[in-house]
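J.: Starting off with a structure, shown below.
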Amino acid sequence: IEESDSEVAPPYHLILLDDNEHTYQYVVAMLGSVFGYAPEKGFAIACVVDQDGRAILMTAGLEEVKLKQDQIHAYGADPAMPQSKGSMSAVIEPANTPG
């Protein structure tokens, strides 16, 4: 199978970071809105973020990952938590490719 592009862009991870200003419900709703994830998948990711402090949301090319990062950062504060001042944070890191 040949790639249509002459060079394949290196993949990047979009990683959601844990904080104490967003509820599980917020994470599930945000992931559903931004990624179309089912509530069960959103809840599973929320559990990983809560336990590990971070969770990989997707691995894709840089432009696609940046677009989703912007959507997460634009999602807004958690209305269920008065101390929530804004959106959750997501960072982009190069995906380590085996080899």
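Following the order of the structure tokens, first chain is A, next is B, and so on, with residues numbered from 1 inside each chain and ligands from 1 in the order they appear.
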Assign secondary structure with DSSP using the backbone only, and return the residues of chain A in strand (DSSP E or B) as a list in words.

T.: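 Result set for chain A (strand (DSSP E or B)): Tyr12, His13, Leu14, Ile15, Leu16, Leu17, Arg54, Ala55, Ile56, Leu57, Met58, Thr59, Ala60, Ala90, Val91, Ile92, Glu93 and Pro94 of chain A.
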
J.: Keeping only all heavy atoms, write the selected residues to a file as a tab-separated table (two decimals), in the first residue's frame.

T.:
```tsv
chain	number	residue	atom	x	y	z
A	12	TYR	N	1.64	12.51	16.39
A	12	TYR	CA	1.67	13.21	17.68
A	12	TYR	C	0.55	12.72	18.55
A	12	TYR	O	-0.52	12.36	18.06
A	12	TYR	CB	1.53	14.73	17.48
A	12	TYR	CG	2.75	15.36	16.86
A	12	TYR	CD1	2.92	15.37	15.49
A	12	TYR	CD2	3.73	15.93	17.66
A	12	TYR	CE1	4.05	15.94	14.92
A	12	TYR	CE2	4.87	16.51	17.10
A	12	TYR	CZ	5.01	16.51	15.73
A	12	TYR	OH	6.13	17.07	15.18
A	13	HIS	N	0.80	12.71	19.86
A	13	HIS	CA	-0.24	12.40	20.84
A	13	HIS	C	-0.87	13.69	21.33
A	13	HIS	O	-0.16	14.67	21.59
A	13	HIS	CB	0.34	11.69	22.07
A	13	HIS	CG	0.87	10.32	21.82
A	13	HIS	ND1	0.21	9.36	21.10
A	13	HIS	CD2	2.03	9.74	22.23
A	13	HIS	CE1	0.92	8.25	21.07
A	13	HIS	NE2	2.04	8.46	21.74
A	14	LEU	N	-2.19	13.67	21.50
A	14	LEU	CA	-2.88	14.75	22.20
A	14	LEU	C	-3.22	14.19	23.58
A	14	LEU	O	-3.90	13.17	23.71
A	14	LEU	CB	-4.16	15.16	21.47
A	14	LEU	CG	-4.97	16.28	22.13
A	14	LEU	CD1	-4.13	17.55	22.26
A	14	LEU	CD2	-6.23	16.56	21.35
A	15	ILE	N	-2.68	14.84	24.62
A	15	ILE	CA	-2.76	14.30	25.98
A	15	ILE	C	-3.55	15.25	26.87
A	15	ILE	O	-3.20	16.43	27.01
A	15	ILE	CB	-1.34	14.09	26.54
A	15	ILE	CG1	-0.58	13.11	25.64
A	15	ILE	CG2	-1.40	13.60	27.99
A	15	ILE	CD1	0.90	13.06	25.89
A	16	LEU	N	-4.61	14.72	27.46
A	16	LEU	CA	-5.43	15.49	28.40
A	16	LEU	C	-4.79	15.43	29.77
A	16	LEU	O	-4.39	14.36	30.24
A	16	LEU	CB	-6.84	14.90	28.46
A	16	LEU	CG	-7.88	15.70	29.25
A	16	LEU	CD1	-8.16	17.04	28.57
A	16	LEU	CD2	-9.17	14.89	29.38
A	17	LEU	N	-4.66	16.60	30.41
A	17	LEU	CA	-4.03	16.69	31.73
A	17	LEU	C	-5.07	16.80	32.84
A	17	LEU	O	-6.08	17.48	32.68
A	17	LEU	CB	-3.09	17.91	31.78
A	17	LEU	CG	-1.98	17.93	30.73
A	17	LEU	CD1	-1.16	19.20	30.87
A	17	LEU	CD2	-1.09	16.70	30.83
A	54	ARG	N	-2.89	12.01	33.42
A	54	ARG	CA	-2.89	12.30	31.98
A	54	ARG	C	-3.45	11.11	31.22
A	54	ARG	O	-3.41	9.99	31.71
A	54	ARG	CB	-1.47	12.62	31.50
A	54	ARG	CG	-0.47	11.53	31.85
A	54	ARG	CD	0.96	11.98	31.67
A	54	ARG	NE	1.36	11.93	30.28
A	54	ARG	CZ	2.08	12.86	29.67
A	54	ARG	NH1	2.49	13.91	30.32
A	54	ARG	NH2	2.41	12.75	28.41
A	55	ALA	N	-3.96	11.38	30.04
A	55	ALA	CA	-4.46	10.31	29.18
A	55	ALA	C	-4.30	10.74	27.73
A	55	ALA	O	-4.58	11.88	27.38
A	55	ALA	CB	-5.92	10.00	29.47
A	56	ILE	N	-3.85	9.81	26.89
A	56	ILE	CA	-3.74	10.09	25.46
A	56	ILE	C	-5.14	10.02	24.86
A	56	ILE	O	-5.83	9.00	24.98
A	56	ILE	CB	-2.80	9.08	24.78
A	56	ILE	CG1	-1.38	9.23	25.33
A	56	ILE	CG2	-2.83	9.27	23.26
A	56	ILE	CD1	-0.41	8.16	24.83
A	57	LEU	N	-5.55	11.12	24.22
A	57	LEU	CA	-6.87	11.18	23.62
A	57	LEU	C	-6.86	10.71	22.17
A	57	LEU	O	-7.84	10.16	21.69
A	57	LEU	CB	-7.40	12.61	23.67
A	57	LEU	CG	-7.61	13.19	25.06
A	57	LEU	CD1	-8.08	14.63	24.96
A	57	LEU	CD2	-8.62	12.36	25.84
A	58	MET	N	-5.77	11.00	21.47
A	58	MET	CA	-5.69	10.61	20.07
A	58	MET	C	-4.23	10.67	19.64
A	58	MET	O	-3.41	11.32	20.28
A	58	MET	CB	-6.53	11.55	19.19
A	58	MET	CG	-5.97	12.96	19.10
A	58	MET	SD	-6.95	14.12	18.11
A	58	MET	CE	-6.80	13.45	16.48
A	59	THR	N	-3.94	9.98	18.55
A	59	THR	CA	-2.63	10.06	17.92
A	59	THR	C	-2.88	10.30	16.44
A	59	THR	O	-3.60	9.52	15.80
A	59	THR	CB	-1.84	8.76	18.14
A	59	THR	OG1	-1.73	8.53	19.55
A	59	THR	CG2	-0.46	8.84	17.53
A	60	ALA	N	-2.34	11.39	15.94
A	60	ALA	CA	-2.59	11.76	14.54
A	60	ALA	C	-1.51	12.75	14.10
A	60	ALA	O	-0.58	13.04	14.85
A	60	ALA	CB	-3.98	12.39	14.41
A	90	ALA	N	-4.76	20.42	27.43
A	90	ALA	CA	-4.26	19.28	26.67
A	90	ALA	C	-2.95	19.71	26.05
A	90	ALA	O	-2.80	20.83	25.58
A	90	ALA	CB	-5.26	18.86	25.60
A	91	VAL	N	-1.98	18.79	26.05
A	91	VAL	CA	-0.67	19.08	25.48
A	91	VAL	C	-0.40	18.14	24.31
A	91	VAL	O	-0.99	17.06	24.21
A	91	VAL	CB	0.46	18.95	26.54
A	91	VAL	CG1	0.27	19.99	27.63
A	91	VAL	CG2	0.52	17.55	27.12
A	92	ILE	N	0.49	18.57	23.43
A	92	ILE	CA	0.87	17.78	22.28
A	92	ILE	C	2.31	17.30	22.47
A	92	ILE	O	3.18	18.09	22.81
A	92	ILE	CB	0.75	18.61	20.99
A	92	ILE	CG1	-0.71	19.01	20.75
A	92	ILE	CG2	1.32	17.85	19.78
A	92	ILE	CD1	-0.91	20.00	19.61
A	93	GLU	N	2.50	16.01	22.29
A	93	GLU	CA	3.85	15.43	22.37
A	93	GLU	C	4.09	14.53	21.17
A	93	GLU	O	3.15	13.87	20.70
A	93	GLU	CB	3.99	14.59	23.65
A	93	GLU	CG	3.90	15.40	24.94
A	93	GLU	CD	4.01	14.53	26.18
A	93	GLU	OE1	4.17	13.29	26.04
A	93	GLU	OE2	3.93	15.09	27.28
A	94	PRO	N	5.31	14.48	20.68
A	94	PRO	CA	5.60	13.54	19.58
A	94	PRO	C	5.33	12.11	20.05
A	94	PRO	O	5.64	11.74	21.18
A	94	PRO	CB	7.09	13.74	19.31
A	94	PRO	CG	7.42	15.07	19.93
A	94	PRO	CD	6.48	15.26	21.06
```

J.: Mind checking which residues fall within 8 Å of Ala46 of chain A, counting only C-alpha atoms, ignoring those fewer than 3 positions away in the same chain, and posting them as a PyMOL selection string?

T.: chain A and resi 24+27-28+42-43+49-50

J.: For the residues selected in the previous step, produce a file with all heavy atoms as a PDB file, in the first residue's frame.

T.:
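New file result-v3.pdb:
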```pdb
ATOM      1  N   TYR A  24     -16.102  14.541  36.397  1.00  0.00           N
ATOM      2  CA  TYR A  24     -16.172  13.454  35.419  1.00  0.00           C
ATOM      3  C   TYR A  24     -17.219  13.770  34.362  1.00  0.00           C
ATOM      4  O   TYR A  24     -17.024  13.522  33.178  1.00  0.00           O
ATOM      5  CB  TYR A  24     -16.534  12.139  36.115  1.00  0.00           C
ATOM      6  CG  TYR A  24     -15.346  11.379  36.671  1.00  0.00           C
ATOM      7  CD1 TYR A  24     -14.420  11.982  37.510  1.00  0.00           C
ATOM      8  CD2 TYR A  24     -15.171  10.044  36.361  1.00  0.00           C
ATOM      9  CE1 TYR A  24     -13.348  11.279  38.024  1.00  0.00           C
ATOM     10  CE2 TYR A  24     -14.095   9.320  36.870  1.00  0.00           C
ATOM     11  CZ  TYR A  24     -13.185   9.953  37.700  1.00  0.00           C
ATOM     12  OH  TYR A  24     -12.126   9.249  38.192  1.00  0.00           O
ATOM     13  N   VAL A  27     -15.799  16.006  31.734  1.00  0.00           N
ATOM     14  CA  VAL A  27     -14.872  15.304  30.838  1.00  0.00           C
ATOM     15  C   VAL A  27     -15.649  14.464  29.827  1.00  0.00           C
ATOM     16  O   VAL A  27     -15.368  14.495  28.632  1.00  0.00           O
ATOM     17  CB  VAL A  27     -13.883  14.426  31.637  1.00  0.00           C
ATOM     18  CG1 VAL A  27     -12.978  13.636  30.691  1.00  0.00           C
ATOM     19  CG2 VAL A  27     -13.040  15.288  32.569  1.00  0.00           C
ATOM     20  N   VAL A  28     -16.664  13.736  30.302  1.00  0.00           N
ATOM     21  CA  VAL A  28     -17.471  12.892  29.416  1.00  0.00           C
ATOM     22  C   VAL A  28     -18.176  13.746  28.362  1.00  0.00           C
ATOM     23  O   VAL A  28     -18.165  13.419  27.169  1.00  0.00           O
ATOM     24  CB  VAL A  28     -18.493  12.073  30.240  1.00  0.00           C
ATOM     25  CG1 VAL A  28     -19.484  11.365  29.321  1.00  0.00           C
ATOM     26  CG2 VAL A  28     -17.768  11.054  31.121  1.00  0.00           C
ATOM     27  N   GLY A  42     -15.747   8.057  27.226  1.00  0.00           N
ATOM     28  CA  GLY A  42     -15.395   9.289  27.917  1.00  0.00           C
ATOM     29  C   GLY A  42     -15.150   9.054  29.396  1.00  0.00           C
ATOM     30  O   GLY A  42     -14.208   9.592  29.981  1.00  0.00           O
ATOM     31  N   PHE A  43     -15.994   8.234  30.019  1.00  0.00           N
ATOM     32  CA  PHE A  43     -15.832   7.928  31.444  1.00  0.00           C
ATOM     33  C   PHE A  43     -14.544   7.153  31.688  1.00  0.00           C
ATOM     34  O   PHE A  43     -13.814   7.430  32.645  1.00  0.00           O
ATOM     35  CB  PHE A  43     -17.040   7.142  31.966  1.00  0.00           C
ATOM     36  CG  PHE A  43     -16.979   6.880  33.444  1.00  0.00           C
ATOM     37  CD1 PHE A  43     -17.292   7.883  34.349  1.00  0.00           C
ATOM     38  CD2 PHE A  43     -16.596   5.642  33.936  1.00  0.00           C
ATOM     39  CE1 PHE A  43     -17.233   7.655  35.721  1.00  0.00           C
ATOM     40  CE2 PHE A  43     -16.528   5.407  35.307  1.00  0.00           C
ATOM     41  CZ  PHE A  43     -16.845   6.417  36.191  1.00  0.00           C
ATOM     42  N   VAL A  49      -7.332   9.720  33.396  1.00  0.00           N
ATOM     43  CA  VAL A  49      -6.789  11.047  33.704  1.00  0.00           C
ATOM     44  C   VAL A  49      -6.728  11.243  35.211  1.00  0.00           C
ATOM     45  O   VAL A  49      -5.740  11.728  35.752  1.00  0.00           O
ATOM     46  CB  VAL A  49      -7.650  12.157  33.044  1.00  0.00           C
ATOM     47  CG1 VAL A  49      -7.260  13.529  33.567  1.00  0.00           C
ATOM     48  CG2 VAL A  49      -7.492  12.111  31.544  1.00  0.00           C
ATOM     49  N   ASP A  50      -7.795  10.843  35.910  1.00  0.00           N
ATOM     50  CA  ASP A  50      -7.861  11.010  37.360  1.00  0.00           C
ATOM     51  C   ASP A  50      -6.796  10.172  38.059  1.00  0.00           C
ATOM     52  O   ASP A  50      -6.153  10.612  39.005  1.00  0.00           O
ATOM     53  CB  ASP A  50      -9.262  10.627  37.851  1.00  0.00           C
ATOM     54  CG  ASP A  50      -9.511  11.071  39.278  1.00  0.00           C
ATOM     55  OD1 ASP A  50      -8.999  12.124  39.686  1.00  0.00           O
ATOM     56  OD2 ASP A  50     -10.237  10.350  39.988  1.00  0.00           O
TER      57      ASP A  50
END
```

J.: Between A:Gly53, A:Gly32, A:Pro39, A:Gly61, which has the minimum distance to Ala9 of chain A (counting only C-alpha atoms)?

T.: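 Between A:Gly53, A:Gly32, A:Pro39, A:Gly61, the residue approaching Ala9 of chain A most closely is A:Gly61.
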
J.: May I have the residues within 7 Å of segment 62-76 of chain A as an mmCIF file with all heavy atoms, in the first residue's frame, using only C-alpha atoms and disregarding those fewer than 3 positions away in the same chain?

T.:
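Wrote it out as out_6.cif, contents follow:
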```cif
data_model
loop_
_atom_site.group_PDB
_atom_site.id
_atom_site.type_symbol
_atom_site.label_atom_id
_atom_site.label_comp_id
_atom_site.auth_asym_id
_atom_site.auth_seq_id
_atom_site.Cartn_x
_atom_site.Cartn_y
_atom_site.Cartn_z
ATOM 1 N N PRO A 11 3.608 11.053 13.750
ATOM 2 C CA PRO A 11 2.406 11.169 14.575
ATOM 3 C C PRO A 11 2.676 11.913 15.880
ATOM 4 O O PRO A 11 3.792 11.936 16.386
ATOM 5 C CB PRO A 11 2.038 9.709 14.850
ATOM 6 C CG PRO A 11 3.327 8.970 14.775
ATOM 7 C CD PRO A 11 4.170 9.710 13.760
ATOM 8 N N TYR A 12 1.636 12.511 16.393
ATOM 9 C CA TYR A 12 1.675 13.207 17.677
ATOM 10 C C TYR A 12 0.547 12.715 18.554
ATOM 11 O O TYR A 12 -0.520 12.360 18.064
ATOM 12 C CB TYR A 12 1.529 14.729 17.475
ATOM 13 C CG TYR A 12 2.745 15.358 16.861
ATOM 14 C CD1 TYR A 12 2.923 15.373 15.487
ATOM 15 C CD2 TYR A 12 3.728 15.934 17.659
ATOM 16 C CE1 TYR A 12 4.054 15.944 14.916
ATOM 17 C CE2 TYR A 12 4.867 16.508 17.100
ATOM 18 C CZ TYR A 12 5.014 16.506 15.730
ATOM 19 O OH TYR A 12 6.134 17.066 15.180
ATOM 20 N N LEU A 14 -2.191 13.673 21.502
ATOM 21 C CA LEU A 14 -2.884 14.746 22.202
ATOM 22 C C LEU A 14 -3.218 14.192 23.580
ATOM 23 O O LEU A 14 -3.900 13.174 23.706
ATOM 24 C CB LEU A 14 -4.162 15.156 21.472
ATOM 25 C CG LEU A 14 -4.965 16.281 22.131
ATOM 26 C CD1 LEU A 14 -4.128 17.553 22.259
ATOM 27 C CD2 LEU A 14 -6.234 16.556 21.353
ATOM 28 N N MET A 30 -17.357 16.853 27.335
ATOM 29 C CA MET A 30 -16.383 17.495 26.460
ATOM 30 C C MET A 30 -15.852 16.506 25.427
ATOM 31 O O MET A 30 -15.771 16.816 24.233
ATOM 32 C CB MET A 30 -15.240 18.086 27.297
ATOM 33 C CG MET A 30 -14.176 18.818 26.494
ATOM 34 S SD MET A 30 -12.796 17.775 25.978
ATOM 35 C CE MET A 30 -12.043 17.411 27.554
ATOM 36 N N VAL A 34 -16.232 17.009 21.456
ATOM 37 C CA VAL A 34 -15.050 17.242 20.622
ATOM 38 C C VAL A 34 -14.706 16.031 19.749
ATOM 39 O O VAL A 34 -14.358 16.177 18.584
ATOM 40 C CB VAL A 34 -13.839 17.636 21.498
ATOM 41 C CG1 VAL A 34 -12.562 17.745 20.665
ATOM 42 C CG2 VAL A 34 -14.109 18.965 22.211
ATOM 43 N N GLY A 86 -11.895 27.728 33.625
ATOM 44 C CA GLY A 86 -11.768 27.596 32.178
ATOM 45 C C GLY A 86 -11.718 26.146 31.765
ATOM 46 O O GLY A 86 -12.032 25.249 32.549
ATOM 47 N N SER A 87 -11.317 25.946 30.534
ATOM 48 C CA SER A 87 -11.274 24.608 29.958
ATOM 49 C C SER A 87 -10.165 23.765 30.583
ATOM 50 O O SER A 87 -9.274 24.284 31.248
ATOM 51 C CB SER A 87 -11.009 24.712 28.453
ATOM 52 O OG SER A 87 -11.952 25.555 27.851
ATOM 53 N N MET A 88 -10.220 22.472 30.310
ATOM 54 C CA MET A 88 -9.121 21.591 30.691
ATOM 55 C C MET A 88 -7.934 21.868 29.771
ATOM 56 O O MET A 88 -8.083 22.485 28.717
ATOM 57 C CB MET A 88 -9.538 20.126 30.587
ATOM 58 C CG MET A 88 -10.573 19.727 31.633
ATOM 59 S SD MET A 88 -10.907 17.958 31.632
ATOM 60 C CE MET A 88 -9.441 17.341 32.492
ATOM 61 N N SER A 89 -6.764 21.399 30.172
ATOM 62 C CA SER A 89 -5.559 21.575 29.371
ATOM 63 C C SER A 89 -5.204 20.269 28.668
ATOM 64 O O SER A 89 -5.345 19.184 29.231
ATOM 65 C CB SER A 89 -4.386 21.982 30.248
ATOM 66 O OG SER A 89 -4.600 23.266 30.790
ATOM 67 N N ALA A 90 -4.763 20.423 27.435
ATOM 68 C CA ALA A 90 -4.261 19.285 26.674
ATOM 69 C C ALA A 90 -2.946 19.706 26.047
ATOM 70 O O ALA A 90 -2.804 20.832 25.576
ATOM 71 C CB ALA A 90 -5.262 18.865 25.595
#
```

J.: I'd like the neighbourhood of Asp78 of chain A as a VMD selection string, where a residue qualifies if any of its atoms comes within 8 Å (using only C-alpha atoms), though same-chain residues fewer than 4 positions away should be ignored.

T.: chain A and resid 21 to 23 26 82 84 to 87

J.: Go ahead and write the selection's residues with N, CA and C atoms as an mmCIF file, in the first residue's frame.

T.:
```cif
data_model
loop_
_atom_site.group_PDB
_atom_site.id
_atom_site.type_symbol
_atom_site.label_atom_id
_atom_site.label_comp_id
_atom_site.auth_asym_id
_atom_site.auth_seq_id
_atom_site.Cartn_x
_atom_site.Cartn_y
_atom_site.Cartn_z
ATOM 1 N N GLU A 21 -10.452 20.973 38.771
ATOM 2 C CA GLU A 21 -11.473 21.973 38.480
ATOM 3 C C GLU A 21 -12.524 21.489 37.503
ATOM 4 N N HIS A 22 -12.544 20.190 37.221
ATOM 5 C CA HIS A 22 -13.514 19.647 36.278
ATOM 6 C C HIS A 22 -14.027 18.301 36.776
ATOM 7 N N THR A 23 -15.329 18.092 36.643
ATOM 8 C CA THR A 23 -15.960 16.843 37.077
ATOM 9 C C THR A 23 -15.849 15.776 35.988
ATOM 10 N N TYR A 26 -18.128 16.614 33.210
ATOM 11 C CA TYR A 26 -17.575 17.583 32.262
ATOM 12 C C TYR A 26 -16.688 16.869 31.248
ATOM 13 N N PRO A 82 -17.765 25.756 40.950
ATOM 14 C CA PRO A 82 -17.538 27.209 41.005
ATOM 15 C C PRO A 82 -16.082 27.602 40.836
ATOM 16 N N SER A 84 -13.972 26.283 38.873
ATOM 17 C CA SER A 84 -13.516 26.038 37.508
ATOM 18 C C SER A 84 -13.470 27.351 36.743
ATOM 19 N N LYS A 85 -12.267 27.742 36.319
ATOM 20 C CA LYS A 85 -12.066 29.029 35.664
ATOM 21 C C LYS A 85 -11.991 28.924 34.148
ATOM 22 N N GLY A 86 -11.895 27.728 33.625
ATOM 23 C CA GLY A 86 -11.768 27.596 32.178
ATOM 24 C C GLY A 86 -11.718 26.146 31.765
ATOM 25 N N SER A 87 -11.317 25.946 30.534
ATOM 26 C CA SER A 87 -11.274 24.608 29.958
ATOM 27 C C SER A 87 -10.165 23.765 30.583
#
```

J.: From a DSSP calculation on the backbone, collect every residue of chain A in helix (DSSP H, G or I) and output the set as a ChimeraX atom specification.

T.: /A:24-35,39-52,62-73

J.: So how many Å separate atom CA of Ser33 of chain A and atom CA of Ile45 of chain A, to one decimal?

T.: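 Separation between atom CA of Ser33 of chain A and atom CA of Ile45 of chain A: 14.2 Å.
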